[in-house]
Amino acid sequence: MNTTYVPADYLPILIQMGLALGFIVTTMLVTHAIGPKRHSVKKDDPFECGIPVQGDARTPISIKYFLIAILFVLFDVEVIFLYPWAVNFKGLGMTGFIEMVLFMGLLLAGFFYIIRKGVLKWE
Amino acid sequence: MALPILLTKGLIILVIFGISLLIATYSTYAERKVAAFLQDRIGPNRAGPWGLLQPIADAGKLFFKEDFIPSQASKWLFILGPSLAMFTALMSSAVIPFGDSIRFAWDNVNYDVNVQGIEINIGVLYIFGVVSLGVYGVMVGGWASNNKFSLLGAIRAASQNISYEIALGLSMIAILMMTGSLSVRQIVNEQATFFEWNVFTQPLGFIIFLTCSFAECNRTPFDLPECETELVGGYHTEYSSMKLGLYLFSEYINMFVSSAFISALYFGGFHYPFMNEVNGALEKSMGAVTGHNLATAIGFLVFFGKILFFIFFFMWVRWTLPRFRYDQLMNLGWKIFIPLSILNVVVTGAGLLYDFKYSSWLIVVVMTVLAVMSQAKAPKQQVVPQRTV
């Protein structure tokens, strides 16, 4: 398998990117150009099941969602740590395995802690 | 890169791009037909023979609808949302190997070009990177609408996607351990013989991966971001015309890409039983060039058969399972899938140290036994509908 790459090898990605961008821009322009445009005060309001709009939608929201986001950052970084280990698993053998079991044990300990703290409790 | 290779690559990318758009378009038709079949109805049958022109009529209608932007929305973000969603969906198919290789002669030199957008040794990371960018499309669109339903739907979608992404990443690690490579083509090539398909060596990983990709695609039973009983339309409540179309379209393309990814990772990609014998016979009877290309074409078709099966499976599940409640969704993602996939990594690793690939079955067997035992032990009782205050 090829292990060394020069920038030119990534040209196909650019081709795909060009195609994707071209498709999206064309679609956006065409749909903007050929549709009708009618404005009125009531119609321009955000949809709110037929009642008058109450304030701005961008109000503070439940802290739970932010906690989930922060936990995601923590755990996703751990997952990324596992990837290089997994790729080299056969070379590292028993030593690497024991080390990673320790690592995952610590990870699960933290995981257990946040569950006991009630971070993932939804009511 | 030599010019003939680059030209062929461009052609392959164009064809795959076209096919993925075509499949996404006809998925909308297939979805309605499958729904009709499962509910004993007829489904779309007016536009063209058997309603086959229905998706084209739908797209045409969406183009001619008013391209509406609410006055309180952030205009550019409002446009950026669906564009981002579509862009990430279209980019993610670049590293999936759709077939073996095309062989051709140019100036008396034989070239073998992979039927794949690009073969890189970080293919899996590429897909994860691009797919996780998809959250931005939903989030930006929901935020820009400045509508309460949109914002709630977007936040739900974002927290659901990131929750299931962890389990998705973890469930794949066992495969990487067996293959020792992040290249999707390498993973596919490791599954050349039928009983080495990863679905047989990694049953638990497969189930977790499949469920998580349902959640990543916002498909039922995980379609809470678009839960119409609570959120009107979810993050695309304010969208109309082809902007809405792009959101819906990107969902179907994501479905296609994740079906392709599942088939490549767990179902041997373009491999099928007795492939080597067929390829050998073809190359012997029709010459190294034509025979090889024909064999590639068969593999390509087999791969698409697998993809179409999974797309059908996505639709089948949609009309079989009811939607989860939000706390059930989060509990499943965090408290069940993450510990289970870590356990899967450990057990698979322990097995691999002794050159035993099938150790993941141990967890499946133990879990089945436990489930049966708990069912047998539980006293039979009437189901009383519970109500929490």
# chains A, B, ... in the order shown; residues from 1 in each chain; ligands from 1

call {"tool": "residues_around", "arguments": {"residues": "region 337-350 of chain B", "least_positions_apart": "6", "cutoff": "8 Å", "atoms": "only C-alpha atoms", "output": "PDB file with N, CA and C atoms, in the first residue's frame"}}
result
ATOM      1  N   PHE A  97      -1.619  -3.830  25.036  1.00  0.00           N
ATOM      2  CA  PHE A  97      -2.985  -4.199  25.428  1.00  0.00           C
ATOM      3  C   PHE A  97      -3.235  -3.847  26.888  1.00  0.00           C
ATOM      4  N   VAL A 101      -5.880  -1.231  28.417  1.00  0.00           N
ATOM      5  CA  VAL A 101      -6.940  -1.625  29.344  1.00  0.00           C
ATOM      6  C   VAL A 101      -6.924  -0.703  30.561  1.00  0.00           C
ATOM      7  N   MET A 104      -8.433   2.582  29.435  1.00  0.00           N
ATOM      8  CA  MET A 104      -9.886   2.519  29.310  1.00  0.00           C
ATOM      9  C   MET A 104     -10.540   2.355  30.669  1.00  0.00           C
ATOM     10  N   LEU A 108     -13.386   4.734  31.996  1.00  0.00           N
ATOM     11  CA  LEU A 108     -14.679   4.265  32.493  1.00  0.00           C
ATOM     12  C   LEU A 108     -14.917   4.747  33.915  1.00  0.00           C
TER      13      LEU A 108
ATOM     14  N   ILE B 166     -19.583   9.240  19.470  1.00  0.00           N
ATOM     15  CA  ILE B 166     -18.578   8.591  20.318  1.00  0.00           C
ATOM     16  C   ILE B 166     -18.712   7.077  20.197  1.00  0.00           C
ATOM     17  N   ALA B 167     -19.937   6.585  20.335  1.00  0.00           N
ATOM     18  CA  ALA B 167     -20.144   5.139  20.231  1.00  0.00           C
ATOM     19  C   ALA B 167     -19.793   4.641  18.834  1.00  0.00           C
ATOM     20  N   LEU B 170     -16.071   4.388  18.689  1.00  0.00           N
ATOM     21  CA  LEU B 170     -15.556   3.292  19.509  1.00  0.00           C
ATOM     22  C   LEU B 170     -15.858   1.928  18.893  1.00  0.00           C
ATOM     23  N   SER B 171     -17.040   1.801  18.273  1.00  0.00           N
ATOM     24  CA  SER B 171     -17.404   0.471  17.762  1.00  0.00           C
ATOM     25  C   SER B 171     -16.530   0.072  16.585  1.00  0.00           C
ATOM     26  N   ILE B 173     -13.268   0.626  16.406  1.00  0.00           N
ATOM     27  CA  ILE B 173     -11.880   0.399  16.800  1.00  0.00           C
ATOM     28  C   ILE B 173     -11.498  -1.073  16.686  1.00  0.00           C
ATOM     29  N   ALA B 174     -12.452  -1.954  17.017  1.00  0.00           N
ATOM     30  CA  ALA B 174     -12.156  -3.389  16.940  1.00  0.00           C
ATOM     31  C   ALA B 174     -11.757  -3.795  15.523  1.00  0.00           C
ATOM     32  N   MET B 177      -8.253  -2.735  14.819  1.00  0.00           N
ATOM     33  CA  MET B 177      -7.284  -3.612  15.465  1.00  0.00           C
ATOM     34  C   MET B 177      -7.025  -4.844  14.605  1.00  0.00           C
ATOM     35  N   LEU B 204     -21.175  -7.681  17.448  1.00  0.00           N
ATOM     36  CA  LEU B 204     -21.606  -6.633  18.372  1.00  0.00           C
ATOM     37  C   LEU B 204     -21.261  -5.254  17.816  1.00  0.00           C
ATOM     38  N   GLY B 205     -20.033  -5.134  17.293  1.00  0.00           N
ATOM     39  CA  GLY B 205     -19.614  -3.867  16.691  1.00  0.00           C
ATOM     40  C   GLY B 205     -20.547  -3.475  15.570  1.00  0.00           C
ATOM     41  N   ILE B 208     -23.865  -2.105  16.995  1.00  0.00           N
ATOM     42  CA  ILE B 208     -23.697  -0.752  17.537  1.00  0.00           C
ATOM     43  C   ILE B 208     -23.509   0.246  16.407  1.00  0.00           C
ATOM     44  N   LYS B 357     -10.148 -14.531  16.177  1.00  0.00           N
ATOM     45  CA  LYS B 357     -10.837 -13.340  15.676  1.00  0.00           C
ATOM     46  C   LYS B 357     -12.276 -13.232  16.174  1.00  0.00           C
ATOM     47  N   TYR B 358     -12.846 -14.332  16.593  1.00  0.00           N
ATOM     48  CA  TYR B 358     -14.288 -14.352  16.796  1.00  0.00           C
ATOM     49  C   TYR B 358     -14.703 -14.121  18.243  1.00  0.00           C
ATOM     50  N   SER B 359     -13.797 -13.537  19.072  1.00  0.00           N
ATOM     51  CA  SER B 359     -14.084 -13.459  20.505  1.00  0.00           C
ATOM     52  C   SER B 359     -15.243 -12.528  20.815  1.00  0.00           C
ATOM     53  N   SER B 360     -15.590 -11.656  19.876  1.00  0.00           N
ATOM     54  CA  SER B 360     -16.707 -10.735  20.124  1.00  0.00           C
ATOM     55  C   SER B 360     -18.018 -11.480  20.321  1.00  0.00           C
ATOM     56  N   ILE B 363     -19.426 -11.905  23.975  1.00  0.00           N
ATOM     57  CA  ILE B 363     -20.304 -10.895  24.581  1.00  0.00           C
ATOM     58  C   ILE B 363     -21.737 -11.114  24.116  1.00  0.00           C
TER      59      ILE B 363
END

call {"tool": "select_by_dssp", "arguments": {"residues": "region 2-193 of chain B", "states": "helix (DSSP H, G or I)", "output": "PyMOL selection string"}}
result
chain B and resi 3-38+49-51+54-64+75-95+123-145+148-179+184-189

call {"tool": "interface_residues", "arguments": {"of": "chain A", "to": "chain B", "cutoff": "8 Å", "atoms": "only C-alpha atoms", "output": "VMD selection string"}}
result
chain A and resid 2 to 3 8 to 10 12 to 13 15 to 17 19 to 21 24 27 to 28 30 to 32 34 to 37 43 to 48 56 to 58 65 68 to 69 72 75 to 76 79 82 to 83 86 to 90 93 to 94 97 101 104 108 120 to 123

call {"tool": "residues_around", "arguments": {"residues": "Val184 (chain B)", "least_positions_apart": "5", "cutoff": "8 Å", "atoms": "only C-alpha atoms", "output": "mmCIF file with C-alpha atoms, in the first residue's frame"}}
result
data_model
loop_
_atom_site.group_PDB
_atom_site.id
_atom_site.type_symbol
_atom_site.label_atom_id
_atom_site.label_comp_id
_atom_site.auth_asym_id
_atom_site.auth_seq_id
_atom_site.Cartn_x
_atom_site.Cartn_y
_atom_site.Cartn_z
ATOM 1 C CA VAL B 95 -12.943 7.604 0.126
ATOM 2 C CA ILE B 96 -15.378 4.697 -0.198
ATOM 3 C CA PRO B 97 -14.069 1.980 -2.539
ATOM 4 C CA ASN B 121 -4.439 5.752 4.310
ATOM 5 C CA GLY B 123 -9.942 7.049 4.903
ATOM 6 C CA VAL B 124 -11.830 6.240 8.095
ATOM 7 C CA ALA B 264 -17.664 -1.677 3.074
ATOM 8 C CA LEU B 265 -16.761 -2.091 6.730
#

call {"tool": "residues_around", "arguments": {"residues": "region 298-306 of chain B", "least_positions_apart": "2", "cutoff": "6 Å", "atoms": "only C-alpha atoms", "output": "PyMOL selection string"}}
result
chain B and resi 98-99+269-270+295-296+308-309

call {"tool": "atom_distance", "arguments": {"atom1": "CA of Phe324 (chain B)", "atom2": "CA of Thr220 (chain B)"}}
result
8.5 Å

call {"tool": "residues_around", "arguments": {"residues": "Glu31 (chain B)", "least_positions_apart": "6", "cutoff": "9 Å", "atoms": "only C-alpha atoms", "output": "list in words"}}
result
Phe312, Met315 and Trp316 of chain B

call {"tool": "atom_distance", "arguments": {"atom1": "CA of Trp361 (chain B)", "atom2": "CA of Ala378 (chain B)"}}
result
25.6 Å

call {"tool": "residues_around", "arguments": {"residues": "Phe267 (chain B)", "least_positions_apart": "6", "cutoff": "10 Å", "atoms": "only C-alpha atoms", "output": "list of chain:residue names"}}
result
B:Val188, B:Gln191, B:Phe194, B:Glu196, B:Trp197, B:Asn198, B:Val199, B:Phe200, B:Phe206, B:Ala260, B:Phe261, B:Phe303, B:Lys306, B:Ile307

call {"tool": "closest_residue", "arguments": {"among": "B:Ala85, B:Val257, B:Leu21, B:Cys217", "to": "Asn161 (chain B)", "atoms": "only C-alpha atoms"}}
result
B:Cys217
